[in-house]
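Novice: My structure is stored as data-v1.txt, with compact mmCIF, N, CA and C atoms.
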```txt
# COMPACT_ATOMS: atom_id res chain seq x y z
N MET Q 4 99.15 134.10 122.05
CA MET Q 4 99.43 132.68 122.20
C MET Q 4 98.37 131.82 121.50
N THR Q 5 97.10 132.23 121.62
CA THR Q 5 96.06 131.46 120.93
C THR Q 5 96.19 131.57 119.42
N ASP Q 6 96.73 132.69 118.94
CA ASP Q 6 96.94 132.81 117.49
C ASP Q 6 97.89 131.74 116.98
N ILE Q 7 98.89 131.39 117.76
CA ILE Q 7 99.84 130.35 117.37
C ILE Q 7 99.15 128.99 117.32
N PHE Q 8 98.28 128.71 118.32
CA PHE Q 8 97.53 127.45 118.31
C PHE Q 8 96.58 127.39 117.12
N ILE Q 9 95.94 128.52 116.83
CA ILE Q 9 95.01 128.56 115.68
C ILE Q 9 95.77 128.31 114.38
N MET Q 10 96.91 128.95 114.22
CA MET Q 10 97.71 128.74 113.00
C MET Q 10 98.22 127.30 112.91
N ALA Q 11 98.66 126.76 114.04
CA ALA Q 11 99.18 125.38 114.03
C ALA Q 11 98.06 124.38 113.71
N LEU Q 12 96.90 124.54 114.33
CA LEU Q 12 95.79 123.62 114.06
C LEU Q 12 95.30 123.74 112.62
N SER Q 13 95.24 124.96 112.10
CA SER Q 13 94.82 125.15 110.70
C SER Q 13 95.81 124.51 109.74
N THR Q 14 97.09 124.68 110.02
CA THR Q 14 98.12 124.10 109.15
C THR Q 14 98.11 122.58 109.21
N ILE Q 15 98.00 122.04 110.41
CA ILE Q 15 97.95 120.58 110.56
C ILE Q 15 96.71 120.02 109.86
N GLY Q 16 95.57 120.69 110.03
CA GLY Q 16 94.34 120.26 109.36
C GLY Q 16 94.47 120.29 107.84
N ALA Q 17 95.06 121.36 107.32
CA ALA Q 17 95.26 121.45 105.87
C ALA Q 17 96.22 120.38 105.38
N LEU Q 18 97.25 120.06 106.16
CA LEU Q 18 98.18 119.01 105.77
C LEU Q 18 97.51 117.64 105.76
N PHE Q 19 96.65 117.38 106.75
CA PHE Q 19 95.92 116.11 106.74
C PHE Q 19 95.02 115.99 105.52
N ILE Q 20 94.35 117.07 105.17
CA ILE Q 20 93.47 117.04 103.99
C ILE Q 20 94.31 116.89 102.72
N LEU Q 21 95.48 117.51 102.68
CA LEU Q 21 96.39 117.34 101.54
C LEU Q 21 96.84 115.89 101.43
N ILE Q 22 97.16 115.27 102.56
CA ILE Q 22 97.54 113.86 102.56
C ILE Q 22 96.39 112.99 102.06
N ALA Q 23 95.16 113.32 102.46
CA ALA Q 23 93.99 112.56 102.00
C ALA Q 23 93.84 112.68 100.49
N SER Q 24 94.01 113.86 99.95
CA SER Q 24 93.86 114.03 98.51
C SER Q 24 95.00 113.35 97.76
N TYR Q 25 96.19 113.38 98.30
CA TYR Q 25 97.30 112.68 97.67
C TYR Q 25 97.10 111.17 97.75
N GLY Q 26 96.51 110.69 98.84
CA GLY Q 26 96.23 109.27 99.00
C GLY Q 26 95.23 108.77 97.99
N ILE Q 27 94.25 109.59 97.63
CA ILE Q 27 93.29 109.20 96.59
C ILE Q 27 94.01 108.99 95.28
N TYR Q 28 94.97 109.85 94.99
CA TYR Q 28 95.72 109.75 93.74
C TYR Q 28 96.68 108.56 93.76
N ARG Q 29 97.28 108.29 94.89
CA ARG Q 29 98.41 107.37 94.97
C ARG Q 29 98.06 105.92 95.30
N MET Q 30 97.00 105.68 96.04
CA MET Q 30 96.68 104.32 96.47
C MET Q 30 96.19 103.46 95.30
N PRO Q 31 96.47 102.15 95.35
CA PRO Q 31 96.22 101.29 94.18
C PRO Q 31 94.79 100.83 93.98
N ASP Q 32 94.00 100.70 95.04
CA ASP Q 32 92.64 100.19 94.84
C ASP Q 32 91.65 100.98 95.68
N PHE Q 33 90.39 100.65 95.48
CA PHE Q 33 89.31 101.37 96.14
C PHE Q 33 89.41 101.30 97.66
N TYR Q 34 89.72 100.16 98.19
CA TYR Q 34 89.73 99.96 99.64
C TYR Q 34 90.82 100.78 100.32
N ALA Q 35 91.99 100.84 99.73
CA ALA Q 35 93.07 101.66 100.29
C ALA Q 35 92.74 103.14 100.19
N ARG Q 36 92.14 103.55 99.07
CA ARG Q 36 91.74 104.95 98.92
C ARG Q 36 90.69 105.34 99.95
N LEU Q 37 89.76 104.44 100.18
CA LEU Q 37 88.72 104.71 101.16
C LEU Q 37 89.32 104.86 102.55
N SER Q 38 90.23 103.99 102.92
CA SER Q 38 90.84 104.03 104.23
C SER Q 38 91.62 105.32 104.46
N VAL Q 39 92.43 105.68 103.49
CA VAL Q 39 93.23 106.91 103.62
C VAL Q 39 92.33 108.13 103.70
N THR Q 40 91.31 108.17 102.87
CA THR Q 40 90.44 109.34 102.85
C THR Q 40 89.67 109.50 104.15
N ILE Q 41 89.13 108.42 104.65
CA ILE Q 41 88.33 108.51 105.89
C ILE Q 41 89.20 108.97 107.05
N LYS Q 42 90.36 108.38 107.21
CA LYS Q 42 91.20 108.71 108.36
C LYS Q 42 91.79 110.12 108.27
N ALA Q 43 92.41 110.43 107.16
CA ALA Q 43 93.10 111.71 107.06
C ALA Q 43 92.13 112.89 106.97
N ALA Q 44 91.06 112.74 106.23
CA ALA Q 44 90.11 113.84 106.11
C ALA Q 44 89.39 114.09 107.44
N THR Q 45 89.10 113.06 108.18
CA THR Q 45 88.46 113.24 109.49
C THR Q 45 89.38 114.01 110.44
N MET Q 46 90.64 113.64 110.46
CA MET Q 46 91.59 114.36 111.31
C MET Q 46 91.77 115.80 110.85
N GLY Q 47 91.83 116.01 109.53
CA GLY Q 47 92.00 117.36 109.00
C GLY Q 47 90.84 118.26 109.34
N ILE Q 48 89.63 117.77 109.13
CA ILE Q 48 88.45 118.58 109.43
C ILE Q 48 88.34 118.82 110.94
N GLY Q 49 88.71 117.82 111.73
CA GLY Q 49 88.70 118.01 113.19
C GLY Q 49 89.65 119.10 113.64
N CYS Q 50 90.84 119.13 113.07
CA CYS Q 50 91.81 120.18 113.44
C CYS Q 50 91.35 121.56 112.99
N ILE Q 51 90.77 121.66 111.81
CA ILE Q 51 90.30 122.96 111.31
C ILE Q 51 89.12 123.46 112.15
N LEU Q 52 88.21 122.57 112.52
CA LEU Q 52 87.10 122.99 113.37
C LEU Q 52 87.57 123.38 114.78
N ALA Q 53 88.59 122.70 115.28
CA ALA Q 53 89.15 123.10 116.58
C ALA Q 53 89.77 124.49 116.48
N ALA Q 54 90.44 124.78 115.36
CA ALA Q 54 91.00 126.12 115.16
C ALA Q 54 89.89 127.17 115.07
N ALA Q 55 88.79 126.83 114.41
CA ALA Q 55 87.67 127.78 114.32
C ALA Q 55 87.06 128.03 115.70
N ALA Q 56 86.95 126.97 116.50
CA ALA Q 56 86.41 127.14 117.85
C ALA Q 56 87.31 128.04 118.70
N LEU Q 57 88.61 127.90 118.57
CA LEU Q 57 89.54 128.77 119.29
C LEU Q 57 89.49 130.20 118.78
N HIS Q 58 89.34 130.36 117.48
CA HIS Q 58 89.35 131.70 116.88
C HIS Q 58 88.14 132.52 117.32
N PHE Q 59 86.95 131.93 117.27
CA PHE Q 59 85.76 132.70 117.58
C PHE Q 59 85.49 132.81 119.08
N SER Q 60 85.88 131.84 119.86
CA SER Q 60 85.78 131.86 121.33
C SER Q 60 84.40 132.22 121.85
N GLU Q 61 83.37 131.94 121.09
CA GLU Q 61 82.00 132.12 121.57
C GLU Q 61 81.42 130.76 121.91
N PHE Q 62 80.53 130.76 122.88
CA PHE Q 62 79.97 129.50 123.33
C PHE Q 62 79.22 128.78 122.22
N SER Q 63 78.43 129.50 121.46
CA SER Q 63 77.61 128.87 120.42
C SER Q 63 78.49 128.28 119.30
N VAL Q 64 79.50 129.01 118.89
CA VAL Q 64 80.39 128.52 117.83
C VAL Q 64 81.21 127.34 118.32
N THR Q 65 81.73 127.42 119.53
CA THR Q 65 82.53 126.34 120.09
C THR Q 65 81.69 125.08 120.28
N THR Q 66 80.47 125.24 120.76
CA THR Q 66 79.59 124.09 120.95
C THR Q 66 79.27 123.42 119.62
N LYS Q 67 78.97 124.22 118.60
CA LYS Q 67 78.67 123.66 117.28
C LYS Q 67 79.88 122.95 116.69
N ALA Q 68 81.05 123.56 116.82
CA ALA Q 68 82.27 122.94 116.28
C ALA Q 68 82.59 121.63 116.99
N LEU Q 69 82.46 121.61 118.30
CA LEU Q 69 82.72 120.38 119.04
C LEU Q 69 81.68 119.30 118.73
N ALA Q 70 80.43 119.70 118.53
CA ALA Q 70 79.39 118.73 118.16
C ALA Q 70 79.68 118.13 116.78
N ILE Q 71 80.11 118.97 115.86
CA ILE Q 71 80.45 118.47 114.51
C ILE Q 71 81.62 117.50 114.58
N VAL Q 72 82.65 117.86 115.34
CA VAL Q 72 83.81 116.97 115.49
C VAL Q 72 83.41 115.66 116.14
N PHE Q 73 82.58 115.72 117.17
CA PHE Q 73 82.14 114.51 117.86
C PHE Q 73 81.38 113.58 116.91
N PHE Q 74 80.40 114.12 116.20
CA PHE Q 74 79.62 113.28 115.29
C PHE Q 74 80.43 112.82 114.09
N LEU Q 75 81.38 113.63 113.65
CA LEU Q 75 82.25 113.22 112.55
C LEU Q 75 83.13 112.04 112.95
N PHE Q 76 83.68 112.10 114.17
CA PHE Q 76 84.51 110.99 114.64
C PHE Q 76 83.69 109.73 114.92
N LEU Q 77 82.40 109.89 115.20
CA LEU Q 77 81.54 108.73 115.39
C LEU Q 77 81.10 108.11 114.07
N THR Q 78 80.74 108.94 113.12
CA THR Q 78 80.12 108.43 111.89
C THR Q 78 81.09 108.09 110.78
N SER Q 79 82.23 108.72 110.70
CA SER Q 79 83.16 108.46 109.60
C SER Q 79 83.67 107.02 109.56
N PRO Q 80 84.14 106.45 110.67
CA PRO Q 80 84.59 105.06 110.61
C PRO Q 80 83.48 104.08 110.27
N VAL Q 81 82.28 104.33 110.78
CA VAL Q 81 81.16 103.45 110.49
C VAL Q 81 80.79 103.54 109.01
N ALA Q 82 80.75 104.75 108.49
CA ALA Q 82 80.43 104.93 107.08
C ALA Q 82 81.49 104.29 106.18
N GLY Q 83 82.76 104.45 106.54
CA GLY Q 83 83.83 103.83 105.77
C GLY Q 83 83.74 102.31 105.78
N PHE Q 84 83.41 101.75 106.94
CA PHE Q 84 83.25 100.30 107.05
C PHE Q 84 82.11 99.82 106.17
N LEU Q 85 80.98 100.50 106.24
CA LEU Q 85 79.82 100.07 105.46
C LEU Q 85 80.03 100.24 103.96
N ILE Q 86 80.68 101.31 103.56
CA ILE Q 86 80.98 101.52 102.14
C ILE Q 86 81.92 100.43 101.64
N GLY Q 87 82.94 100.10 102.42
CA GLY Q 87 83.87 99.03 102.04
C GLY Q 87 83.19 97.68 101.96
N ARG Q 88 82.29 97.42 102.89
CA ARG Q 88 81.58 96.14 102.90
C ARG Q 88 80.65 96.00 101.69
N VAL Q 89 79.94 97.07 101.37
CA VAL Q 89 79.07 97.05 100.20
C VAL Q 89 79.90 96.91 98.93
N ALA Q 90 81.03 97.57 98.88
CA ALA Q 90 81.90 97.44 97.71
C ALA Q 90 82.39 96.01 97.55
N TYR Q 91 82.70 95.35 98.66
CA TYR Q 91 83.14 93.95 98.59
C TYR Q 91 82.02 93.05 98.10
N PHE Q 92 80.82 93.26 98.62
CA PHE Q 92 79.67 92.44 98.21
C PHE Q 92 79.30 92.64 96.75
N THR Q 93 79.48 93.84 96.25
CA THR Q 93 79.11 94.10 94.86
C THR Q 93 80.20 93.71 93.88
N GLY Q 94 81.33 93.24 94.39
CA GLY Q 94 82.35 92.69 93.52
C GLY Q 94 83.48 93.63 93.14
N THR Q 95 83.70 94.70 93.90
CA THR Q 95 84.83 95.58 93.63
C THR Q 95 86.11 94.80 93.86
N LYS Q 96 86.97 94.78 92.88
CA LYS Q 96 88.19 93.97 92.92
C LYS Q 96 89.21 94.52 93.90
N LEU Q 97 89.93 93.60 94.53
CA LEU Q 97 91.09 93.96 95.33
C LEU Q 97 92.25 94.28 94.41
N TRP Q 98 93.27 94.91 94.97
CA TRP Q 98 94.47 95.19 94.22
C TRP Q 98 95.11 93.87 93.81
N LYS Q 99 95.71 93.81 92.64
CA LYS Q 99 96.25 92.53 92.14
C LYS Q 99 97.37 91.98 93.01
N HIS Q 100 98.05 92.80 93.79
CA HIS Q 100 99.12 92.34 94.67
C HIS Q 100 98.66 92.15 96.12
N SER Q 101 97.36 92.15 96.35
CA SER Q 101 96.85 91.91 97.70
C SER Q 101 97.17 90.48 98.12
N ILE Q 102 97.60 90.32 99.35
CA ILE Q 102 98.02 89.01 99.84
C ILE Q 102 96.89 88.31 100.58
N ILE Q 103 96.15 89.04 101.39
CA ILE Q 103 95.14 88.44 102.25
C ILE Q 103 93.77 89.03 101.92
N ASP Q 104 92.79 88.16 101.81
CA ASP Q 104 91.40 88.57 101.69
C ASP Q 104 90.68 88.04 102.93
N GLU Q 105 90.63 88.85 103.97
CA GLU Q 105 90.09 88.40 105.25
C GLU Q 105 88.58 88.17 105.21
N MET Q 106 87.89 88.80 104.31
CA MET Q 106 86.44 88.65 104.26
C MET Q 106 86.01 87.33 103.63
N ARG Q 107 86.83 86.76 102.79
CA ARG Q 107 86.43 85.56 102.06
C ARG Q 107 86.17 84.37 102.98
N ASN Q 108 87.02 84.13 103.96
CA ASN Q 108 86.90 82.95 104.81
C ASN Q 108 86.40 83.25 106.21
N ASP Q 109 85.81 84.41 106.42
CA ASP Q 109 85.34 84.79 107.74
C ASP Q 109 83.96 84.19 107.98
N PRO Q 110 83.83 83.25 108.92
CA PRO Q 110 82.52 82.64 109.15
C PRO Q 110 81.53 83.60 109.81
N GLU Q 111 82.02 84.66 110.44
CA GLU Q 111 81.15 85.63 111.10
C GLU Q 111 80.41 86.51 110.09
N SER Q 112 81.04 86.75 108.96
CA SER Q 112 80.40 87.62 107.97
C SER Q 112 79.58 86.81 107.00
N SER Q 113 78.74 87.47 106.30
CA SER Q 113 77.94 86.77 105.30
C SER Q 113 78.69 86.63 103.99
N CYS Q 114 79.94 87.10 103.94
CA CYS Q 114 80.74 86.98 102.72
C CYS Q 114 81.05 85.52 102.41
N ALA Q 115 81.35 84.75 103.45
CA ALA Q 115 81.66 83.34 103.23
C ALA Q 115 80.44 82.62 102.66
N VAL Q 116 79.27 82.94 103.14
CA VAL Q 116 78.05 82.34 102.62
C VAL Q 116 77.83 82.80 101.19
N HIS Q 117 78.12 84.07 100.95
CA HIS Q 117 77.97 84.64 99.61
C HIS Q 117 78.87 83.92 98.61
N GLU Q 118 80.11 83.64 99.01
CA GLU Q 118 81.05 82.94 98.13
C GLU Q 118 80.61 81.50 97.89
N LYS Q 119 80.10 80.83 98.93
CA LYS Q 119 79.66 79.44 98.76
C LYS Q 119 78.50 79.35 97.80
N LYS Q 120 77.61 80.31 97.86
CA LYS Q 120 76.46 80.29 96.95
C LYS Q 120 76.91 80.42 95.51
N LYS Q 121 77.95 81.20 95.27
CA LYS Q 121 78.46 81.37 93.92
C LYS Q 121 79.08 80.07 93.39
N GLU Q 122 79.79 79.36 94.26
CA GLU Q 122 80.55 78.19 93.83
C GLU Q 122 79.70 76.94 93.67
N GLU Q 123 78.61 76.83 94.43
CA GLU Q 123 77.80 75.62 94.37
C GLU Q 123 77.05 75.55 93.05
N PRO Q 124 77.10 74.40 92.38
CA PRO Q 124 76.34 74.28 91.14
C PRO Q 124 74.84 74.16 91.45
N VAL Q 125 74.09 74.55 90.50
CA VAL Q 125 72.64 74.45 90.67
C VAL Q 125 72.24 72.99 90.55
N LYS Q 126 71.51 72.48 91.53
CA LYS Q 126 71.10 71.08 91.54
C LYS Q 126 69.75 70.95 90.85
N LYS Q 127 69.71 70.10 89.86
CA LYS Q 127 68.46 69.85 89.16
C LYS Q 127 67.78 68.65 89.80
N PRO Q 128 66.47 68.69 89.89
CA PRO Q 128 65.79 67.53 90.49
C PRO Q 128 65.89 66.32 89.55
N LEU Q 129 66.04 65.17 90.18
CA LEU Q 129 66.12 63.93 89.41
C LEU Q 129 64.76 63.57 88.83
N PRO Q 130 64.75 63.07 87.62
CA PRO Q 130 63.45 62.68 87.06
C PRO Q 130 62.90 61.48 87.81
N GLU Q 131 61.61 61.50 88.00
CA GLU Q 131 60.98 60.39 88.72
C GLU Q 131 60.84 59.18 87.80
N LYS Q 132 61.07 57.99 88.36
CA LYS Q 132 60.96 56.75 87.59
C LYS Q 132 59.49 56.36 87.49
N GLU Q 133 59.13 55.96 86.31
CA GLU Q 133 57.76 55.50 86.12
C GLU Q 133 57.73 53.99 86.27
N GLU Q 134 56.80 53.47 86.99
CA GLU Q 134 56.70 52.05 87.22
C GLU Q 134 55.54 51.44 86.52
```
What do you get writing this file as structure tokens?
Specialist:
Amino acid sequence: MTDIFIMALSTIGALFILIASYGIYRMPDFYARLSVTIKAATMGIGCILAAAALHFSEFSVTTKALAIVFFLFLTSPVAGFLIGRVAYFTGTKLWKHSIIDEMRNDPESSCAVHEKKKEEPVKKPLPEKEE
């Protein structure tokens, strides 16, 4: 019975990773590729590690696999968010058919301040009048 669970988890994990690789090829811009890769690859690796933990059934292997899955699920979304934010700040273009740019007008983020600094002209000091 555990062999069936191991095969199912391995297959599901491989399918998630296949979807992630296809998403890199198919998505139109960097942000969509990043989103697909982070989500699908995390799920795929999680399923494969769960299958490895079931296969070996030793305490040390199971503990290591569960620790890896735990930290992967904690760090992957944060890393994806930070990579996307840095890409936005450095000027990575959105897809040409994107409808909403939520970062541009968000007062909570520093993106709105960043955009205002770009748009404001440089003010030159007025010459002092001689009397």
Novice: Adding 8 Å on each side of the box along x, y and z that holds all listed atoms of region 68-85 of chain Q, could you give its centre and edge lengths in Å to one decimal, as JSON?
Specialist:
```
{"center_x": 82.0, "center_y": 111.7, "center_z": 111.5, "size_x": 21.2, "size_y": 39.7, "size_z": 31.1}
```
Novice: In terms of the shortest atom-to-atom distance over only C-alpha atoms, which of Q:Ile48, Q:Ile103, Q:Pro31, Q:Ile41 is closest to Thr14 (chain Q)?
Specialist: Q:Ile48
Novice: Quick one: residues within 7 Å of Thr40 (chain Q), all atoms listed in the file counted, chain neighbours fewer than 3 positions away excluded, as number ranges by chain?
Specialist: Q: 23-24, 26-27, 35-37, 43-45
Novice: How many Å separate CA of Val64 (chain Q) from atom C of Leu52 (chain Q)?
Specialist: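 Rounded to one decimal, the two atoms are 9.3 Å apart.
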Novice: Work out how far atom N of Val72 (chain Q) is from atom N of Cys50 (chain Q), in Å to one decimal.
Specialist: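 Value for the atom N of Cys50 (chain Q)-atom N of Val72 (chain Q) distance: 8.6 Å.
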Novice: Measuring atom to atom with only N, CA and C atoms, identify which of Q:Leu21, Q:Val89, Q:Val81, Q:Ala55 is nearest to Ala68 (chain Q).
Specialist: Q:Ala55
